[in-house]
2 protein chains.
Amino acid sequence: MQTELESCFTRHRDRYLAEWKELLAFPSVSTDPRHAQDCLNCADWLVRQLAAIGFEARLLPTPSKPVVYAERAGDPTKPVVLFYGHYDVQPVDPLDEWVSPPFEATLRDGRLYARGAQDNKGQLLYALKALETLIELQALRPTVKIVIEGEEESGSRGIAQALPGWRDLLRADVLLVTDTGSVAPGAGTIVMGLRGIFHLTVVLGGPHHDLHSGVHGGRAPNPAEGLAALLAGLHGADGRIAVPGFYDSVRMPSPWEREMAARIPFSPEVFAARNGVPPVAGEREFTPVERVGFRPSLDINGMHSGFGGEGTKTIIPARAMAKLTARLAAGQNPESCLRALIAHLQANTPQGLRLEVTEQGIGGPALRLNPDSPLVAKARGVLDTLTGHDTVFLWEGASIPLVTGLAAVSGAEPLLVGFGLEEDRMHAPNESFALEQFRLGYLYVGLMLNAL
Amino acid sequence: MQTELESCFTRHRDRYLAEWKELLAFPSVSTDPRHAQDCLNCADWLVRQLAAIGFEARLLPTPSKPVVYAERAGDPTKPVVLFYGHYDVQPVDPLDEWVSPPFEATLRDGRLYARGAQDNKGQLLYALKALETLIELQALRPTVKIVIEGEEESGSRGIAQALPGWRDLLRADVLLVTDTGSVAPGAGTIVMGLRGIFHLTVVLGGPHHDLHSGVHGGRAPNPAEGLAALLAGLHGADGRIAVPGFYDSVRMPSPWEREMAARIPFSPEVFAARNGVPPVAGEREFTPVERVGFRPSLDINGMHSGFGGEGTKTIIPARAMAKLTARLAAGQNPESCLRALIAHLQANTPQGLRLEVTEQGIGGPALRLNPDSPLVAKARGVLDTLTGHDTVFLWEGASIPLVTGLAAVSGAEPLLVGFGLEEDRMHAPNESFALEQFRLGYLYVGLMLNAL
């Protein structure tokens with residue numbers, strides 16, 4: 001089967017690339033209301049694409065953005081496969097840092113550059129192309145259901161609300177997800193865990209209007225200063241999150257998990273060279289791999305107050321705001337953690353200023369897979385053969401909020417194997433995805449579906 | 001003389017208002033390079049205006065924006081008066097908070113609304129109109145020199161560099177400044193002190209590019225979090241600036257100064273109602289009036305990092321920046337204080353992040369006037385008579401960086417009496433100035449020049 005897949009890929013490579021570029025041309029930024037129509041256009045494109053390759057495809061309405069749904073009946077003795085992906089992408093700012101326009105996919109040195117090139121349009125399309133090939137080869141045996149949502153990058157609101165009503169529709173045995181990363185080019189990586197996530201926006205209100213910082217400096221409380229103090233108080237000098245109760249129910253990794261985590265390649269020097277900072281944040285008692293795999297984190301995604309232009313503006317700003325996200329470890333309850341954080345912020349609001357939480361949302365809890373599952377063993381076998389290397393078990397720091405929910409509703413066991421790499425710069429300017437990783441993903445999906 | 005001035009004002013009120021609106025129509029924002037030409041146009045308008053009322057007027061070049069200079073010879077037995085003002089204004093953002101456009105002056109309820117309505121175009125124009133009237137009445141006896149600079153709101157760079165070369169040109173006995181405030185409508189207020197000022201922009205560099213906050217949250221240092229900690233560390237819990245050595249040479253107020261300061265009307269309740277915050281910042285051991293009059297302050301004027309739009313963007317930002325200004329008390333050396341602050345920031349830069357000071361500038365040291373001067377006594381007499389109230393002695397928190405320099409170069413004794421009020425919202429959206437305060441300023445300048 002690998003040979004057939006490889007020759008199909010070679011034959012259709014240019015068409016796959018053209019379709020990939022088409023898909024990347026939709027600025028489907030779900031977090032930005034100005035791109036609402038672009039998101040719908042992207043979903044329509046996928047419905048047409050799925051219908052063309054042999055699926056019954058349609059849009060499922062949700063209270064927010066529609067979900068692309070497709071189904072193709074197969075051998076009833078085979079496990080039913082549910083595939084999950086998303087058609088939305090992250091915002092593109094700062095736009096001036098892009099070498100080529102984010103929605104005009106550009107091929108350079110074997111990599112396709114565009115917002116979503118990897119996350120998730122690239123990793124979504126290789127799966128669809130593998131399905132197309134198996135259908136062409138009359139080799140797709142299991143029933144396959146496909147769910148592609150449009151709000152993964154902004155909290156999965158719509159699908160999360162609609163999911164409970166789709167219990168029968170989505171019933172499945174295996175939940176196939178390719179929206180994850182690999183530890184190295186050409187390697188096979190099974191994601192054994194994902195962190196949970198919640199977000200909130202905090203506004204600290206001060207004066208009715210910007211005050212003159214000369215006339216009032218040193219007596220009027222400054223919201224920027226207050227916010228700095230409030231945010232600085234979220235972590236202790238030991239790198240731990242300083243919110244009381246935050247770690248109460250964190251599940252510690254098992255000895256096997258720590259042993260496997262220790263095998264994940266990680267070099268502080270390579271990390272520093274690639275990212276520009278050493279991996280020195282977080283809890284000293286855990287390794288950098290364990291910190292993102294097994295421990296929670298709390299990050300400031302944005303912080304804004306007052307004047308930011310050229311020159312000076314001598315004001316005490318009227319307000320200050322920060323956008324925060326927490327990543328949660330297995331065992332943590334997102335609702336309780338969010339409540340604990342808000343209570344901590346309220347308790348520490350500086351005198352004279354007013355705290356307001358203007359936005360908050362829970363993506364979902366963390367996911368931790370069972371290492372003894374036969375499905376995991378099967379995937380490991382496929383990857384070992386395909387790559388010629390020992391498959392790596394990975395506990396990811398990122399979140400796919402919906403995977404936990406989808407697994408619960410569908411009754412399916414999740415299997416997370418993807419081919420994203422750190423160098424892809426997902427969420428940042430100049431996101432890209434290597435054609436070679438795209439090809440590997442395509443082969444893996446084909447072989448895995450064939451092995452079920 | 002008061003009667004003549006009053007009748008002149010009544011007769012010419014509409015023309016004064018029209019000229020005031022013309023002057024306010026120039027968006028002379030000195031801090032913004034896009035308004036460079038507007039600043040020049042504003043300076044030209046003033047040269048024409050001064051020539052029209054009887055001065056020899058011209059532009060004096062500086063290494064930056066030109067200074068409007070005018071002179072009219074008078075009785076050589078009289079003290080030479082040097083008048084100082086500025087034709088530049090603060091930026092207008094946030095623009096959407098303005099009720100009427102900032103550069104289309106609009107009269108509502110006896111107040112003229114526009115950027116610069118008070119600071120300094122209103123307080124400048126009433127002085128020019130008083131001079132015009134005295135000339136009309138053939139009652140202007142002293143030689144008058146006028147200096148109107150174009151960079152007061154952005155550090156007075158040009159004039160500060162040119163000043164040493166103007167020693168002969170500007171020689172004078174009295175330095176008349178009206179760019180100050182009054183404690184209440186209709187009151188007379190002599191400013192006995194101004195704070196010094198310096199500014200700097202601090203950038204904390206982190207990752208080469210924004211990082212995914214899931215993939216790296218809890219191991220990659222976050223510049224926004226680092227900046228929050230760095231800025232939070234600038235003040236102690238006691239409200240004092242926590243920079244070592246910052247207070248070393250602060251001159252304490254004399255018993256008379258503290259006694260006079262205690263007479264300045266200040267109500268924490270009125271302050272809170274007017275500004276939206278209680279006056280709770282700063283050092284507990286000083287009153288709110290003393291804190292701005294006799295003590296230094298350090299304010300964040302702006303703080304920016306990462307995502308600030310709608311929705312979420314799950315990143316660890318690549319950088320974070322803050323704009324800071326310090327206000328200095330009498331006795332403090334601006335250079336040493338700035339050096340101490342930078343050293344403190346460097347010493348406390350969080351691990352893994354890179355500190356850069358991208359902009360810095362010193363406005364000037366603080367000014368403290370001699371309470372026993374005959375000029376102060378004369379001004380007090382004029383104001384007592386004009387207002388019918390006891391003149392108030394005020395130590396202002398704001399800075400007019402150039403006044404100290406001008407006093408030194410010209411050899412003149414500064415006299416700072418102005419009619420700005422807190423409700424004018426200078427530096428904020430919807431700046432305005434009451435016509436009645438404009439009229440009072442006009443009368444004061446006329447009477448004071450007459451009394452010299």
# chains A, B, ... in the order shown; residues from 1 in each chain; ligands from 1
>>> residues_around(residues="Leu125 in chain A", least_positions_apart="6", cutoff="10 Å", atoms="only C-alpha atoms", output="PyMOL selection string")
chain A and resi 16-17+19-20+23+46+85+117-118+131+438+441-442
>>> select_by_dssp(residues="range 64-122 of chain B", states="strand (DSSP E or B)", output="VMD selection string")
chain B and resid 67 to 72 81 to 86 89 106 to 108 111 to 113
>>> select_by_dssp(residues="range 301-395 of chain A", states="alpha helix (DSSP H)", output="PyMOL selection string")
chain A and resi 334-347+374-387
>>> residues_around(residues="range 292-307 of chain A", least_positions_apart="2", cutoff="7 Å", atoms="only C-alpha atoms", output="PyMOL selection string")
(chain A and resi 224+253+288-290+309+313+317+319-329+395-397) or (chain B and resi 213+215-219+224-225+301-308+313-317)
>>> closest_residue(among="A:Ile400, A:Leu383, A:Ala139, A:Leu447", to="chain B", atoms="only C-alpha atoms")
A:Ile400
>>> residues_around(residues="range 56-60 of chain A", least_positions_apart="6", cutoff="10 Å", atoms="only C-alpha atoms", output="ChimeraX atom specification")
/A:40,43-44,46-50,66-73,145-149,159,162,166
>>> residues_around(residues="Ala184 in chain B", least_positions_apart="2", cutoff="12 Å", atoms="only C-alpha atoms", output="list in words")
Gly181, Ser182, Gly186, Ala187, Gly188, Thr189, Ile264, Pro265, Phe266, Thr387, His389, Asp390, Thr391, Val392, Leu394, Gly418, Phe419, Gly420, Leu421, Glu422, Glu423, Asp424 and Gln437 of chain B
>>> write_last_selection(atoms="N, CA, C and O atoms", output="short mmCIF file (atom, residue, chain, number, x, y, z; two decimals), in the first residue's frame")
data_model
loop_
_atom_site.label_atom_id
_atom_site.label_comp_id
_atom_site.auth_asym_id
_atom_site.auth_seq_id
_atom_site.Cartn_x
_atom_site.Cartn_y
_atom_site.Cartn_z
N GLY B 181 -1.48 76.84 35.97
CA GLY B 181 -2.88 76.68 36.39
C GLY B 181 -3.25 77.52 37.58
O GLY B 181 -2.41 78.12 38.24
N SER B 182 -4.55 77.51 37.82
CA SER B 182 -5.11 78.24 38.95
C SER B 182 -5.90 77.24 39.78
O SER B 182 -6.42 76.25 39.25
N GLY B 186 -11.67 81.99 38.73
CA GLY B 186 -11.72 83.34 39.30
C GLY B 186 -10.65 83.64 40.33
O GLY B 186 -10.55 84.76 40.82
N ALA B 187 -9.84 82.63 40.68
CA ALA B 187 -8.81 82.85 41.69
C ALA B 187 -7.50 83.27 41.05
O ALA B 187 -7.30 83.08 39.86
N GLY B 188 -6.63 83.87 41.85
CA GLY B 188 -5.29 84.20 41.39
C GLY B 188 -4.30 83.23 42.02
O GLY B 188 -4.37 82.97 43.22
N THR B 189 -3.40 82.70 41.21
CA THR B 189 -2.50 81.67 41.71
C THR B 189 -1.09 81.93 41.19
O THR B 189 -0.88 82.04 39.98
N ILE B 264 -3.74 75.48 50.12
CA ILE B 264 -4.23 75.23 48.76
C ILE B 264 -5.48 74.36 48.86
O ILE B 264 -5.44 73.31 49.50
N PRO B 265 -6.59 74.83 48.28
CA PRO B 265 -7.80 74.02 48.43
C PRO B 265 -7.62 72.65 47.78
O PRO B 265 -7.22 72.58 46.62
N PHE B 266 -7.87 71.61 48.52
CA PHE B 266 -7.81 70.26 47.95
C PHE B 266 -8.77 69.36 48.70
O PHE B 266 -8.65 69.18 49.90
N THR B 387 -8.95 89.85 41.52
CA THR B 387 -9.88 88.74 41.80
C THR B 387 -10.75 88.98 43.03
O THR B 387 -11.80 88.36 43.18
N HIS B 389 -9.85 88.07 45.91
CA HIS B 389 -9.55 86.96 46.82
C HIS B 389 -8.08 86.95 47.18
O HIS B 389 -7.25 87.51 46.45
N ASP B 390 -7.74 86.25 48.28
CA ASP B 390 -6.32 86.06 48.63
C ASP B 390 -5.66 85.19 47.56
O ASP B 390 -6.14 84.10 47.23
N THR B 391 -4.56 85.71 47.07
CA THR B 391 -3.80 84.94 46.07
C THR B 391 -3.24 83.66 46.71
O THR B 391 -2.80 83.68 47.87
N VAL B 392 -3.28 82.59 45.92
CA VAL B 392 -2.79 81.30 46.42
C VAL B 392 -1.38 81.06 45.90
O VAL B 392 -1.07 81.38 44.75
N LEU B 394 1.25 78.23 44.85
CA LEU B 394 1.09 76.85 44.40
C LEU B 394 2.42 76.25 43.98
O LEU B 394 3.24 76.91 43.33
N GLY B 418 -0.94 81.70 35.72
CA GLY B 418 -1.80 81.32 34.60
C GLY B 418 -3.19 80.98 35.12
O GLY B 418 -3.43 80.97 36.33
N PHE B 419 -4.09 80.69 34.19
CA PHE B 419 -5.48 80.53 34.58
C PHE B 419 -6.10 79.21 34.14
O PHE B 419 -7.31 79.06 34.07
N GLY B 420 -5.24 78.22 33.84
CA GLY B 420 -5.73 76.88 33.52
C GLY B 420 -6.39 76.23 34.73
O GLY B 420 -6.04 76.51 35.87
N LEU B 421 -7.39 75.40 34.44
CA LEU B 421 -8.08 74.70 35.53
C LEU B 421 -8.04 73.20 35.25
O LEU B 421 -7.92 72.78 34.10
N GLU B 422 -8.20 72.42 36.30
CA GLU B 422 -8.15 70.98 36.13
C GLU B 422 -9.23 70.50 35.17
O GLU B 422 -9.03 69.59 34.38
N GLU B 423 -10.40 71.15 35.26
CA GLU B 423 -11.52 70.74 34.39
C GLU B 423 -11.24 71.00 32.91
O GLU B 423 -12.01 70.55 32.06
N ASP B 424 -10.16 71.68 32.59
CA ASP B 424 -9.82 71.93 31.19
C ASP B 424 -9.38 70.67 30.45
O ASP B 424 -9.32 70.66 29.23
N GLN B 437 -12.09 82.50 32.01
CA GLN B 437 -10.69 82.37 32.44
C GLN B 437 -9.77 83.07 31.44
O GLN B 437 -8.75 83.65 31.83
#
>>> residues_around(residues="Ile241 in chain B", least_positions_apart="3", cutoff="10 Å", atoms="only C-alpha atoms", output="number ranges by chain")
A: 218; B: 233-238, 244-247, 282-283, 296-298, 341
>>> residues_around(residues="Arg368 in chain B", least_positions_apart="6", cutoff="7 Å", atoms="only C-alpha atoms", output="number ranges by chain")
B: 192-194, 330
>>> closest_residue(among="A:Ala434, A:Met260, A:Leu452, A:Val177", to="Asp109 in chain A", atoms="only C-alpha atoms")
A:Ala434
>>> decode(residues="range 195-229 of chain B", atoms="N, CA and C atoms", output="mmCIF file, in the first residue's frame")
data_model
loop_
_atom_site.group_PDB
_atom_site.id
_atom_site.type_symbol
_atom_site.label_atom_id
_atom_site.label_comp_id
_atom_site.auth_asym_id
_atom_site.auth_seq_id
_atom_site.Cartn_x
_atom_site.Cartn_y
_atom_site.Cartn_z
ATOM 1 N N ARG B 195 7.875 70.891 38.712
ATOM 2 C CA ARG B 195 8.769 69.726 38.793
ATOM 3 C C ARG B 195 9.614 69.608 37.530
ATOM 4 N N GLY B 196 10.739 68.989 37.675
ATOM 5 C CA GLY B 196 11.573 68.656 36.521
ATOM 6 C C GLY B 196 11.046 67.410 35.851
ATOM 7 N N ILE B 197 11.624 67.044 34.724
ATOM 8 C CA ILE B 197 11.097 65.889 33.990
ATOM 9 C C ILE B 197 12.186 65.222 33.158
ATOM 10 N N PHE B 198 12.133 63.890 33.100
ATOM 11 C CA PHE B 198 12.836 63.154 32.044
ATOM 12 C C PHE B 198 11.945 62.027 31.583
ATOM 13 N N HIS B 199 12.224 61.519 30.383
ATOM 14 C CA HIS B 199 11.420 60.413 29.850
ATOM 15 C C HIS B 199 12.329 59.345 29.275
ATOM 16 N N LEU B 200 11.795 58.150 29.194
ATOM 17 C CA LEU B 200 12.513 57.075 28.502
ATOM 18 C C LEU B 200 11.519 56.028 28.007
ATOM 19 N N THR B 201 11.941 55.326 26.966
ATOM 20 C CA THR B 201 11.157 54.209 26.439
ATOM 21 C C THR B 201 11.971 52.944 26.654
ATOM 22 N N VAL B 202 11.336 51.966 27.270
ATOM 23 C CA VAL B 202 12.009 50.718 27.619
ATOM 24 C C VAL B 202 11.409 49.599 26.783
ATOM 25 N N VAL B 203 12.253 48.810 26.151
ATOM 26 C CA VAL B 203 11.776 47.649 25.394
ATOM 27 C C VAL B 203 12.393 46.402 25.996
ATOM 28 N N LEU B 204 11.550 45.418 26.252
ATOM 29 C CA LEU B 204 12.039 44.149 26.749
ATOM 30 C C LEU B 204 11.880 43.143 25.606
ATOM 31 N N GLY B 205 13.013 42.677 25.092
ATOM 32 C CA GLY B 205 12.993 41.737 23.969
ATOM 33 C C GLY B 205 12.940 40.307 24.480
ATOM 34 N N GLY B 206 12.152 39.492 23.806
ATOM 35 C CA GLY B 206 12.030 38.082 24.158
ATOM 36 C C GLY B 206 12.335 37.212 22.958
ATOM 37 N N PRO B 207 11.365 36.340 22.595
ATOM 38 C CA PRO B 207 11.575 35.447 21.454
ATOM 39 C C PRO B 207 11.803 36.239 20.158
ATOM 40 N N HIS B 208 12.468 35.581 19.181
ATOM 41 C CA HIS B 208 12.675 36.183 17.857
ATOM 42 C C HIS B 208 11.342 36.597 17.241
ATOM 43 N N HIS B 209 10.310 35.796 17.511
ATOM 44 C CA HIS B 209 8.982 36.033 16.946
ATOM 45 C C HIS B 209 7.976 35.579 17.996
ATOM 46 N N ASP B 210 6.712 35.974 17.822
ATOM 47 C CA ASP B 210 5.687 35.526 18.753
ATOM 48 C C ASP B 210 5.701 33.995 18.803
ATOM 49 N N LEU B 211 5.658 33.447 20.005
ATOM 50 C CA LEU B 211 5.618 31.984 20.147
ATOM 51 C C LEU B 211 4.206 31.525 20.486
ATOM 52 N N HIS B 212 3.894 30.285 20.141
ATOM 53 C CA HIS B 212 2.623 29.656 20.500
ATOM 54 C C HIS B 212 2.626 29.457 22.019
ATOM 55 N N SER B 213 1.618 30.046 22.671
ATOM 56 C CA SER B 213 1.628 30.011 24.134
ATOM 57 C C SER B 213 1.220 28.652 24.691
ATOM 58 N N GLY B 214 0.704 27.771 23.833
ATOM 59 C CA GLY B 214 0.451 26.409 24.289
ATOM 60 C C GLY B 214 1.729 25.595 24.208
ATOM 61 N N VAL B 215 2.353 25.635 23.060
ATOM 62 C CA VAL B 215 3.566 24.844 22.833
ATOM 63 C C VAL B 215 4.673 25.230 23.815
ATOM 64 N N HIS B 216 4.782 26.534 24.142
ATOM 65 C CA HIS B 216 5.921 26.992 24.929
ATOM 66 C C HIS B 216 5.562 27.607 26.279
ATOM 67 N N GLY B 217 4.257 27.705 26.565
ATOM 68 C CA GLY B 217 3.840 28.349 27.811
ATOM 69 C C GLY B 217 4.364 27.607 29.022
ATOM 70 N N GLY B 218 5.103 28.312 29.880
ATOM 71 C CA GLY B 218 5.647 27.673 31.069
ATOM 72 C C GLY B 218 7.094 27.258 30.906
ATOM 73 N N ARG B 219 7.694 27.539 29.728
ATOM 74 C CA ARG B 219 9.143 27.354 29.638
ATOM 75 C C ARG B 219 9.828 28.515 28.914
ATOM 76 N N ALA B 220 9.147 29.151 27.929
ATOM 77 C CA ALA B 220 9.736 30.317 27.268
ATOM 78 C C ALA B 220 9.397 31.555 28.087
ATOM 79 N N PRO B 221 10.385 32.367 28.439
ATOM 80 C CA PRO B 221 10.095 33.586 29.200
ATOM 81 C C PRO B 221 9.223 34.540 28.389
ATOM 82 N N ASN B 222 8.232 35.114 29.042
ATOM 83 C CA ASN B 222 7.245 35.979 28.392
ATOM 84 C C ASN B 222 7.618 37.450 28.655
ATOM 85 N N PRO B 223 7.948 38.221 27.610
ATOM 86 C CA PRO B 223 8.368 39.618 27.799
ATOM 87 C C PRO B 223 7.292 40.491 28.451
ATOM 88 N N ALA B 224 6.017 40.193 28.198
ATOM 89 C CA ALA B 224 4.951 40.992 28.827
ATOM 90 C C ALA B 224 4.965 40.753 30.338
ATOM 91 N N GLU B 225 5.126 39.485 30.714
ATOM 92 C CA GLU B 225 5.201 39.157 32.140
ATOM 93 C C GLU B 225 6.473 39.764 32.750
ATOM 94 N N GLY B 226 7.571 39.682 32.002
ATOM 95 C CA GLY B 226 8.826 40.258 32.491
ATOM 96 C C GLY B 226 8.724 41.761 32.679
ATOM 97 N N LEU B 227 8.067 42.430 31.709
ATOM 98 C CA LEU B 227 7.912 43.884 31.812
ATOM 99 C C LEU B 227 7.012 44.243 32.988
ATOM 100 N N ALA B 228 5.940 43.468 33.164
ATOM 101 C CA ALA B 228 5.046 43.713 34.305
ATOM 102 C C ALA B 228 5.840 43.646 35.608
ATOM 103 N N ALA B 229 6.682 42.625 35.735
ATOM 104 C CA ALA B 229 7.475 42.479 36.962
ATOM 105 C C ALA B 229 8.454 43.647 37.117
#
